>>> print(open('query.pdb').read())   # PDB, C-alpha atoms
ATOM      1  CA  MET A 223      13.514  -1.993  94.010
ATOM      2  CA  THR A 224      14.618  -5.113  92.237
ATOM      3  CA  ASN A 225      11.160  -5.532  90.695
ATOM      4  CA  PHE A 226      11.145  -1.891  89.530
ATOM      5  CA  VAL A 227      14.529  -2.270  87.806
ATOM      6  CA  ALA A 228      13.380  -5.493  86.186
ATOM      7  CA  ARG A 229      10.281  -3.769  84.885
ATOM      8  CA  ILE A 230      12.287  -0.851  83.425
ATOM      9  CA  THR A 231      14.654  -3.299  81.769
ATOM     10  CA  ALA A 232      11.749  -5.242  80.246
ATOM     11  CA  VAL A 233      10.097  -2.072  78.895
ATOM     12  CA  THR A 234      13.384  -0.859  77.424
ATOM     13  CA  ALA A 235      13.965  -4.211  75.757
ATOM     14  CA  ALA A 236      10.446  -4.196  74.313
ATOM     15  CA  VAL A 237      10.953  -0.709  72.860
ATOM     16  CA  LEU A 238      14.264  -1.720  71.334
ATOM     17  CA  ILE A 239      12.813  -4.916  69.888
ATOM     18  CA  GLY A 240       9.805  -2.997  68.587
ATOM     19  CA  GLY A 241      12.088  -0.469  66.933
ATOM     20  CA  VAL A 242      14.000  -3.214  65.240
ATOM     21  CA  ALA A 243      10.762  -4.812  64.104
ATOM     22  CA  VAL A 244       9.451  -1.517  62.749
ATOM     23  CA  ASP A 245      12.709  -0.828  60.928
ATOM     24  CA  GLY A 246      12.650  -4.328  59.434
ATOM     25  CA  ALA A 247       9.098  -3.885  58.169
ATOM     26  CA  ALA A 248       9.820  -0.562  56.486
ATOM     27  CA  PRO A 249       9.308  -0.784  52.709
ATOM     28  CA  THR A 250      12.367  -0.685  50.518
ATOM     29  CA  LYS A 251      12.641   2.024  47.911
ATOM     30  CA  SER A 252      11.999   0.712  44.363
ATOM     31  CA  ALA A 253      13.946   1.874  41.347
ATOM     32  CA  PRO A 254      12.273   4.731  39.461
ATOM     33  CA  VAL A 255      10.111   3.600  36.543
ATOM     34  CA  PRO A 256      11.508   4.974  33.282
ATOM     35  CA  ARG A 257       9.151   7.401  31.575
ATOM     36  CA  HIS A 258       8.499   7.068  27.843
ATOM     37  CA  VAL A 259       8.872  10.346  26.030
ATOM     38  CA  VAL A 260       6.663  10.802  22.971
ATOM     39  CA  ARG A 261       8.137  12.828  20.138
ATOM     40  CA  GLN A 262       6.554  14.209  16.988
ATOM     41  CA  VAL A 263       8.511  13.425  13.843
ATOM     42  CA  THR A 264       7.625  14.693  10.372
ATOM     43  CA  ILE A 265       8.131  12.497   7.329
ATOM     44  CA  PRO A 266       8.855  14.817   4.388
ATOM     45  CA  ALA A 267       6.784  14.967   1.217
ATOM     46  CA  GLY A 268       8.223  12.822  -1.548
ATOM     47  CA  THR A 269       9.126   9.980   0.793
ATOM     48  CA  LEU A 270       8.690   6.620  -0.924
ATOM     49  CA  LEU A 271       6.381   4.022   0.610
ATOM     50  CA  ARG A 272       7.022   0.482  -0.611
ATOM     51  CA  LEU A 273       3.774  -1.452  -0.293
ATOM     52  CA  ARG A 274       2.732  -5.070  -0.854
ATOM     53  CA  VAL A 275      -0.865  -5.449  -2.056
ATOM     54  CA  ASP A 276      -3.119  -7.494   0.231
ATOM     55  CA  ARG A 277      -5.945  -7.957  -2.288
ATOM     56  CA  GLY A 278      -5.794  -7.696  -6.072
ATOM     57  CA  PHE A 279      -7.524  -5.107  -8.238
ATOM     58  CA  GLY A 280      -7.755  -4.313 -11.953
ATOM     59  CA  SER A 281      -9.164  -2.141 -14.704
ATOM     60  CA  ASP A 282     -11.842  -4.697 -15.586
ATOM     61  CA  ILE A 283     -12.563  -6.205 -12.162
ATOM     62  CA  SER A 284     -12.670  -3.137  -9.901
ATOM     63  CA  ARG A 285     -14.992  -0.202  -9.474
ATOM     64  CA  ILE A 286     -14.276   3.319  -8.298
ATOM     65  CA  GLU A 287     -14.187   3.547  -4.481
ATOM     66  CA  ASP A 288     -13.546  -0.190  -4.039
ATOM     67  CA  PRO A 289     -11.325  -0.545  -0.928
ATOM     68  CA  VAL A 290      -7.665  -1.445  -1.303
ATOM     69  CA  SER A 291      -5.123  -2.393   1.344
ATOM     70  CA  ALA A 292      -1.393  -3.020   1.444
ATOM     71  CA  THR A 293       1.456  -3.624   3.881
ATOM     72  CA  LEU A 294       4.619  -1.570   4.207
ATOM     73  CA  THR A 295       7.545  -3.805   3.231
ATOM     74  CA  SER A 296      10.402  -1.467   4.206
ATOM     75  CA  PRO A 297      10.552   0.780   7.275
ATOM     76  CA  VAL A 298      10.440   4.540   6.873
ATOM     77  CA  VAL A 299      13.487   6.076   8.552
ATOM     78  CA  VAL A 300      13.941   9.755   9.420
ATOM     79  CA  GLY A 301      17.166  10.992  10.999
ATOM     80  CA  GLY A 302      18.338   7.459  11.681
ATOM     81  CA  ARG A 303      15.141   6.538  13.555
ATOM     82  CA  THR A 304      12.431   4.190  12.341
ATOM     83  CA  VAL A 305       9.199   6.179  12.353
ATOM     84  CA  LEU A 306       7.008   3.730  10.416
ATOM     85  CA  PRO A 307       8.015   0.075  10.894
ATOM     86  CA  ALA A 308       7.739  -2.571   8.206
ATOM     87  CA  GLY A 309       4.364  -4.270   8.514
ATOM     88  CA  SER A 310       2.448  -1.011   8.922
ATOM     89  CA  ALA A 311      -0.962  -1.263   7.244
ATOM     90  CA  ALA A 312      -1.985   1.174   4.499
ATOM     91  CA  SER A 313      -5.527   1.506   3.174
ATOM     92  CA  GLY A 314      -7.263   3.461   0.443
ATOM     93  CA  TYR A 315      -9.556   3.050  -2.545
ATOM     94  CA  VAL A 316      -9.697   2.592  -6.313
ATOM     95  CA  SER A 317      -9.811   6.085  -7.817
ATOM     96  CA  GLN A 318     -10.039   5.054 -11.473
ATOM     97  CA  ALA A 319     -10.949   1.872 -13.354
ATOM     98  CA  THR A 320     -11.279   2.138 -17.122
ATOM     99  CA  ARG A 321     -11.531  -0.908 -19.328
ATOM    100  CA  SER A 322      -9.735  -1.121 -22.636
ATOM    101  CA  GLY A 323     -11.784   0.455 -25.454
ATOM    102  CA  LYS A 324     -12.896  -1.338 -28.615
ATOM    103  CA  VAL A 325     -12.019   1.587 -30.883
ATOM    104  CA  LYS A 326      -9.409   3.468 -28.870
ATOM    105  CA  GLY A 327      -8.261   3.985 -25.309
ATOM    106  CA  ARG A 328      -5.968   1.852 -23.211
ATOM    107  CA  ALA A 329      -7.065   0.259 -19.970
ATOM    108  CA  ARG A 330      -6.152   2.155 -16.831
ATOM    109  CA  VAL A 331      -6.489   1.595 -13.092
ATOM    110  CA  ALA A 332      -5.482   3.932 -10.272
ATOM    111  CA  VAL A 333      -5.486   3.603  -6.499
ATOM    112  CA  ARG A 334      -5.005   6.218  -3.813
ATOM    113  CA  PHE A 335      -3.864   5.409  -0.267
ATOM    114  CA  THR A 336      -5.340   7.641   2.435
ATOM    115  CA  ARG A 337      -4.500   5.982   5.786
ATOM    116  CA  ILE A 338      -1.644   4.146   7.452
ATOM    117  CA  THR A 339      -1.491   2.416  10.840
ATOM    118  CA  ALA A 340       1.919   1.986  12.445
ATOM    119  CA  ALA A 341       2.795  -1.656  13.136
ATOM    120  CA  GLY A 342       2.663  -2.501  16.840
ATOM    121  CA  HIS A 343       0.660   0.630  17.664
ATOM    122  CA  ASP A 344      -2.921   1.820  17.446
ATOM    123  CA  ASP A 345      -1.854   5.130  15.946
ATOM    124  CA  ARG A 346      -3.678   5.659  12.659
ATOM    125  CA  TYR A 347      -2.684   8.545  10.413
ATOM    126  CA  ALA A 348      -4.387  10.208   7.472
ATOM    127  CA  ILE A 349      -1.947  10.526   4.583
ATOM    128  CA  GLN A 350      -1.857  12.409   1.309
ATOM    129  CA  ALA A 351      -0.167  10.220  -1.267
ATOM    130  CA  ARG A 352       0.203  10.459  -5.008
ATOM    131  CA  PRO A 353      -2.060   7.989  -6.802
ATOM    132  CA  TRP A 354      -0.529   4.824  -8.190
ATOM    133  CA  VAL A 355      -1.570   4.443 -11.826
ATOM    134  CA  GLY A 356      -1.285   1.409 -14.084
ATOM    135  CA  ILE A 357      -1.812   1.719 -17.864
ATOM    136  CA  ALA A 358      -2.093  -1.155 -20.320
ATOM    137  CA  PRO A 359       0.566  -1.306 -23.060
ATOM    138  CA  ALA A 360      -0.301   0.090 -26.488
ATOM    139  CA  THR A 361      -1.527  -2.425 -29.076
ATOM    140  CA  LYS A 362      -1.138  -0.308 -32.266
ATOM    141  CA  LYS A 363       1.352  -2.677 -33.890
ATOM    142  CA  LYS A 364      -0.881  -5.638 -33.153
ATOM    143  CA  ASP A 365      -3.916  -3.756 -34.501
ATOM    144  CA  ALA A 366      -2.017  -2.852 -37.684
ATOM    145  CA  LEU A 367      -1.239  -6.503 -38.253
ATOM    146  CA  THR A 368      -4.860  -7.467 -37.638
ATOM    147  CA  ILE A 369      -6.022  -4.973 -40.273
ATOM    148  CA  GLY A 370      -3.146  -5.516 -42.698
ATOM    149  CA  LEU A 371      -3.167  -9.288 -43.002
ATOM    150  CA  PRO A 372      -6.769  -9.645 -44.215
ATOM    151  CA  ALA A 373      -6.183  -6.728 -46.606
ATOM    152  CA  ALA A 374      -3.156  -8.495 -48.096
ATOM    153  CA  GLY A 375      -5.178 -11.677 -48.401
ATOM    154  CA  GLY A 376      -7.998  -9.802 -50.105
ATOM    155  CA  ALA A 377      -5.620  -8.253 -52.606
ATOM    156  CA  ALA A 378      -4.235 -11.665 -53.491
ATOM    157  CA  ILE A 379      -7.701 -13.095 -53.991
ATOM    158  CA  GLY A 380      -8.785 -10.094 -56.066
ATOM    159  CA  GLY A 381      -5.767 -10.450 -58.323
ATOM    160  CA  ILE A 382      -6.645 -14.047 -59.041
ATOM    161  CA  VAL A 383     -10.283 -13.229 -59.803
ATOM    162  CA  GLY A 384     -10.003 -10.252 -62.146
ATOM    163  CA  GLY A 385      -6.675  -8.511 -62.455
ATOM    164  CA  LYS A 386      -6.150  -4.937 -61.236
ATOM    165  CA  LYS A 387      -9.828  -4.131 -60.742
ATOM    166  CA  GLY A 388     -10.386  -7.344 -58.856
ATOM    167  CA  ALA A 389      -7.338  -6.671 -56.738
ATOM    168  CA  GLY A 390      -8.764  -3.317 -55.641
ATOM    169  CA  ILE A 391     -12.073  -4.839 -54.625
ATOM    170  CA  GLY A 392     -10.314  -7.617 -52.791
ATOM    171  CA  ALA A 393      -8.153  -5.162 -50.870
ATOM    172  CA  LEU A 394     -11.199  -3.190 -49.717
ATOM    173  CA  ALA A 395     -13.003  -6.336 -48.666
ATOM    174  CA  GLY A 396      -9.993  -7.644 -46.847
ATOM    175  CA  GLY A 397      -9.354  -4.332 -45.136
ATOM    176  CA  GLY A 398     -12.953  -4.134 -43.996
ATOM    177  CA  ALA A 399     -12.803  -7.594 -42.477
ATOM    178  CA  GLY A 400      -9.629  -6.737 -40.626
ATOM    179  CA  THR A 401     -11.063  -3.516 -39.244
ATOM    180  CA  ALA A 402     -14.162  -5.313 -38.033
ATOM    181  CA  ALA A 403     -11.952  -7.789 -36.183
ATOM    182  CA  VAL A 404     -10.149  -4.968 -34.385
ATOM    183  CA  LEU A 405     -13.324  -3.103 -33.459
ATOM    184  CA  THR A 406     -14.831  -6.152 -31.785
ATOM    185  CA  THR A 407     -11.703  -7.109 -29.819
ATOM    186  CA  ARG A 408     -10.727  -5.284 -26.641
ATOM    187  CA  GLY A 409      -7.100  -4.584 -25.824
ATOM    188  CA  LYS A 410      -5.177  -5.665 -22.754
ATOM    189  CA  GLU A 411      -6.448  -4.969 -19.247
ATOM    190  CA  VAL A 412      -4.446  -3.970 -16.164
ATOM    191  CA  ARG A 413      -4.467  -6.485 -13.327
ATOM    192  CA  VAL A 414      -2.562  -6.079 -10.057
ATOM    193  CA  GLY A 415      -2.515  -9.324  -8.092
ATOM    194  CA  ARG A 416      -2.203 -10.000  -4.410
ATOM    195  CA  GLY A 417       1.421  -9.730  -3.302
ATOM    196  CA  ALA A 418       2.362  -7.231  -6.013
ATOM    197  CA  LEU A 419       4.764  -4.459  -4.959
ATOM    198  CA  LEU A 420       3.781  -0.813  -5.420
ATOM    199  CA  ALA A 421       5.887   2.310  -4.924
ATOM    200  CA  VAL A 422       3.843   5.262  -3.651
ATOM    201  CA  ARG A 423       5.157   8.710  -2.761
ATOM    202  CA  LEU A 424       3.797  11.052  -0.113
ATOM    203  CA  ALA A 425       2.313  14.185  -1.660
ATOM    204  CA  ALA A 426       2.434  16.091   1.663
ATOM    205  CA  PRO A 427       4.451  15.803   4.901
ATOM    206  CA  LEU A 428       3.206  13.297   7.475
ATOM    207  CA  THR A 429       3.720  13.856  11.207
ATOM    208  CA  VAL A 430       3.810  10.729  13.394
ATOM    209  CA  SER A 431       4.370  10.058  17.104
ATOM    210  CA  ILE A 432       7.249   7.863  18.304
ATOM    211  CA  GLU A 433       8.252   6.784  21.814
ATOM    212  CA  GLU A 434      11.773   7.124  23.135
TER
END
>>> encode(input="query.pdb", output="structure tokens")
Amino acid sequence: MTNFVARITAVTAAVLIGGVAVDGAAPTKSAPVPRHVVRQVTIPAGTLLRLRVDRGFGSDISRIEDPVSATLTSPVVVGGRTVLPAGSAASGYVSQATRSGKVKGRARVAVRFTRITAAGHDDRYAIQARPWVGIAPATKKKDALTIGLPAAGGAAIGGIVGGKKGAGIGALAGGGAGTAAVLTTRGKEVRVGRGALLAVRLAAPLTVSIEE
């Protein structure tokens, strides 16, 4: 009888100890992992993108379809939320490159950005943006001086040589020399160097994904 009671006691103790051990080994519940919610946000047409040029281009050094790239310098914010961070990469191409003409026509260069990649993400978006266009300043006043000065000099020389008739010949000769100088000299070109700041506006709304 004593042995039987001892055995029952031992079995009971083992069960209790085992229960404690099992309870102690039970896994603890971890805190729920927060889920990131992805929202679609639309950037309205007309929004200004401030871009810093990564590689220079120009009317006399670029060709149509040459690649261009730039970096967003200021974040794009919609409804108080940053939807395109500063540092986002924009890319596109040269859409026009016209050198200054010898007779007429000012130099012109245009670029169009077609893609932007959000900084810190792999999301790449196609964009429709208005082209950025650079036009060389007019040189009409400078051209007038180039033509006028030789003409004035010719008139002076003609007057010394043979009075009124000589003055007329001198003026024509001088004017012709001045015109030739203008026709063989190109005007100013348009160069946009690395680091230059461009302001480009969206021509159509752009929808991007942001995490909350």
>>> atom_distance(input="query.pdb", atom1="CA of Ala329 in chain A", atom2="CA of Tyr315 in chain A")
17.8 Å
>>> closest_residue(input="query.pdb", among="A:Ile283, A:Val316, A:Ile432, A:Ala421", to="Thr269 in chain A", atoms="all atoms listed in the file")
A:Ala421
>>> closest_residue(input="query.pdb", among="A:Val412, A:Ala340, A:Ala418, A:Ala358", to="Gly327 in chain A", atoms="only C-alpha atoms")
A:Ala358
>>> residues_around(input="query.pdb", residues="Thr320 in chain A", least_positions_apart="6", cutoff="10 Å", atoms="all atoms listed in the file", output="list in words")
Gly280, Ser281, Asp282, Ile283, Ser284, Arg285, Ile286, Gly327, Arg328, Ala329, Arg330, Val331, Ala332, Ile357, Glu411 and Val412 of chain A
>>> residues_around(input="query.pdb", residues="Pro297 in chain A", least_positions_apart="2", cutoff="6 Å", atoms="all atoms listed in the file", output="ChimeraX atom specification")
/A:306-308
>>> resolve_selection(input="query.pdb", expression="the PyMOL selection byres ((chain A and resi 268) around 8)", output="JSON, numbers by chain")
{"A": [266, 267, 269, 270, 423, 424, 425, 426]}
>>> residues_around(input="query.pdb", residues="Ala341 in chain A", least_positions_apart="2", cutoff="10 Å", atoms="all atoms listed in the file", output="PyMOL selection string")
chain A and resi 293-294+306-311+338-339+343-346
>>> write_last_selection(input="query.pdb", atoms="C-alpha atoms", output="PDB file, keeping the file's coordinate frame")
ATOM      1  CA  THR A 293       1.456  -3.624   3.881  1.00  0.00           C
ATOM      2  CA  LEU A 294       4.619  -1.570   4.207  1.00  0.00           C
ATOM      3  CA  LEU A 306       7.008   3.730  10.416  1.00  0.00           C
ATOM      4  CA  PRO A 307       8.015   0.075  10.894  1.00  0.00           C
ATOM      5  CA  ALA A 308       7.739  -2.571   8.206  1.00  0.00           C
ATOM      6  CA  GLY A 309       4.364  -4.270   8.514  1.00  0.00           C
ATOM      7  CA  SER A 310       2.448  -1.011   8.922  1.00  0.00           C
ATOM      8  CA  ALA A 311      -0.962  -1.263   7.244  1.00  0.00           C
ATOM      9  CA  ILE A 338      -1.644   4.146   7.452  1.00  0.00           C
ATOM     10  CA  THR A 339      -1.491   2.416  10.840  1.00  0.00           C
ATOM     11  CA  HIS A 343       0.660   0.630  17.664  1.00  0.00           C
ATOM     12  CA  ASP A 344      -2.921   1.820  17.446  1.00  0.00           C
ATOM     13  CA  ASP A 345      -1.854   5.130  15.946  1.00  0.00           C
ATOM     14  CA  ARG A 346      -3.678   5.659  12.659  1.00  0.00           C
TER      15      ARG A 346
END
>>> atom_distance(input="query.pdb", atom1="CA of Ala319 in chain A", atom2="CA of Ala348 in chain A")
23.4 Å
>>> atom_distance(input="query.pdb", atom1="CA of Lys410 in chain A", atom2="CA of Gln318 in chain A")
16.3 Å
>>> closest_residue(input="query.pdb", among="A:Val260, A:Leu419, A:Val355, A:Ala292", to="Thr336 in chain A", atoms="all atoms listed in the file")
A:Ala292
>>> closest_residue(input="query.pdb", among="A:Ala360, A:Asp288, A:Trp354, A:Arg274", to="Val422 in chain A", atoms="all atoms listed in the file")
A:Trp354
>>> build_atoms(input="query.pdb", residues="range 318-344 of chain A", atoms="N, CA and C atoms", output="CSV table (one decimal), in the frame of the given file")
chain,number,residue,atom,x,y,z
A,318,GLN,N,-9.7,5.1,-10.1
A,318,GLN,CA,-10.0,5.1,-11.5
A,318,GLN,C,-10.0,3.6,-11.9
A,319,ALA,N,-10.9,3.2,-12.8
A,319,ALA,CA,-10.9,1.9,-13.4
A,319,ALA,C,-11.6,2.0,-14.7
A,320,THR,N,-10.8,2.0,-15.8
A,320,THR,CA,-11.3,2.1,-17.1
A,320,THR,C,-10.9,0.9,-17.9
A,321,ARG,N,-11.8,0.3,-18.5
A,321,ARG,CA,-11.5,-0.9,-19.3
A,321,ARG,C,-11.0,-0.5,-20.7
A,322,SER,N,-10.3,-1.4,-21.3
A,322,SER,CA,-9.7,-1.1,-22.6
A,322,SER,C,-10.9,-0.9,-23.6
A,323,GLY,N,-10.7,0.1,-24.5
A,323,GLY,CA,-11.8,0.5,-25.5
A,323,GLY,C,-11.7,-0.4,-26.7
A,324,LYS,N,-12.9,-0.6,-27.4
A,324,LYS,CA,-12.9,-1.3,-28.6
A,324,LYS,C,-12.3,-0.6,-29.8
A,325,VAL,N,-12.5,0.8,-29.8
A,325,VAL,CA,-12.0,1.6,-30.9
A,325,VAL,C,-10.7,2.2,-30.5
A,326,LYS,N,-10.6,2.9,-29.3
A,326,LYS,CA,-9.4,3.5,-28.9
A,326,LYS,C,-9.5,3.6,-27.3
A,327,GLY,N,-8.3,3.8,-26.8
A,327,GLY,CA,-8.3,4.0,-25.3
A,327,GLY,C,-7.7,2.8,-24.6
A,328,ARG,N,-6.6,3.0,-23.9
A,328,ARG,CA,-6.0,1.9,-23.2
A,328,ARG,C,-6.6,1.7,-21.8
A,329,ALA,N,-6.5,0.5,-21.3
A,329,ALA,CA,-7.1,0.3,-20.0
A,329,ALA,C,-6.2,1.0,-18.9
A,330,ARG,N,-6.9,1.4,-17.9
A,330,ARG,CA,-6.2,2.2,-16.8
A,330,ARG,C,-6.8,1.9,-15.5
A,331,VAL,N,-6.0,1.7,-14.5
A,331,VAL,CA,-6.5,1.6,-13.1
A,331,VAL,C,-5.6,2.4,-12.2
A,332,ALA,N,-6.2,3.1,-11.2
A,332,ALA,CA,-5.5,3.9,-10.3
A,332,ALA,C,-6.0,3.7,-8.9
A,333,VAL,N,-5.1,3.7,-7.9
A,333,VAL,CA,-5.5,3.6,-6.5
A,333,VAL,C,-4.8,4.7,-5.7
A,334,ARG,N,-5.5,5.2,-4.7
A,334,ARG,CA,-5.0,6.2,-3.8
A,334,ARG,C,-5.1,5.7,-2.4
A,335,PHE,N,-3.9,5.8,-1.7
A,335,PHE,CA,-3.9,5.4,-0.3
A,335,PHE,C,-4.1,6.6,0.6
A,336,THR,N,-4.9,6.5,1.6
A,336,THR,CA,-5.3,7.6,2.4
A,336,THR,C,-5.1,7.5,3.9
A,337,ARG,N,-4.7,6.2,4.4
A,337,ARG,CA,-4.5,6.0,5.8
A,337,ARG,C,-3.4,5.0,6.0
A,338,ILE,N,-2.7,5.1,7.1
A,338,ILE,CA,-1.6,4.1,7.5
A,338,ILE,C,-1.6,4.0,9.0
A,339,THR,N,-1.5,2.7,9.4
A,339,THR,CA,-1.5,2.4,10.8
A,339,THR,C,-0.1,1.8,11.2
A,340,ALA,N,0.6,2.4,12.1
A,340,ALA,CA,1.9,2.0,12.4
A,340,ALA,C,1.9,0.6,13.1
A,341,ALA,N,2.7,-0.3,12.6
A,341,ALA,CA,2.8,-1.7,13.1
A,341,ALA,C,3.1,-1.6,14.6
A,342,GLY,N,2.4,-2.4,15.4
A,342,GLY,CA,2.7,-2.5,16.8
A,342,GLY,C,2.0,-1.4,17.6
A,343,HIS,N,1.3,-0.5,17.0
A,343,HIS,CA,0.7,0.6,17.7
A,343,HIS,C,-0.8,0.8,17.2
A,344,ASP,N,-1.6,1.5,17.9
A,344,ASP,CA,-2.9,1.8,17.4
A,344,ASP,C,-3.0,3.2,16.7
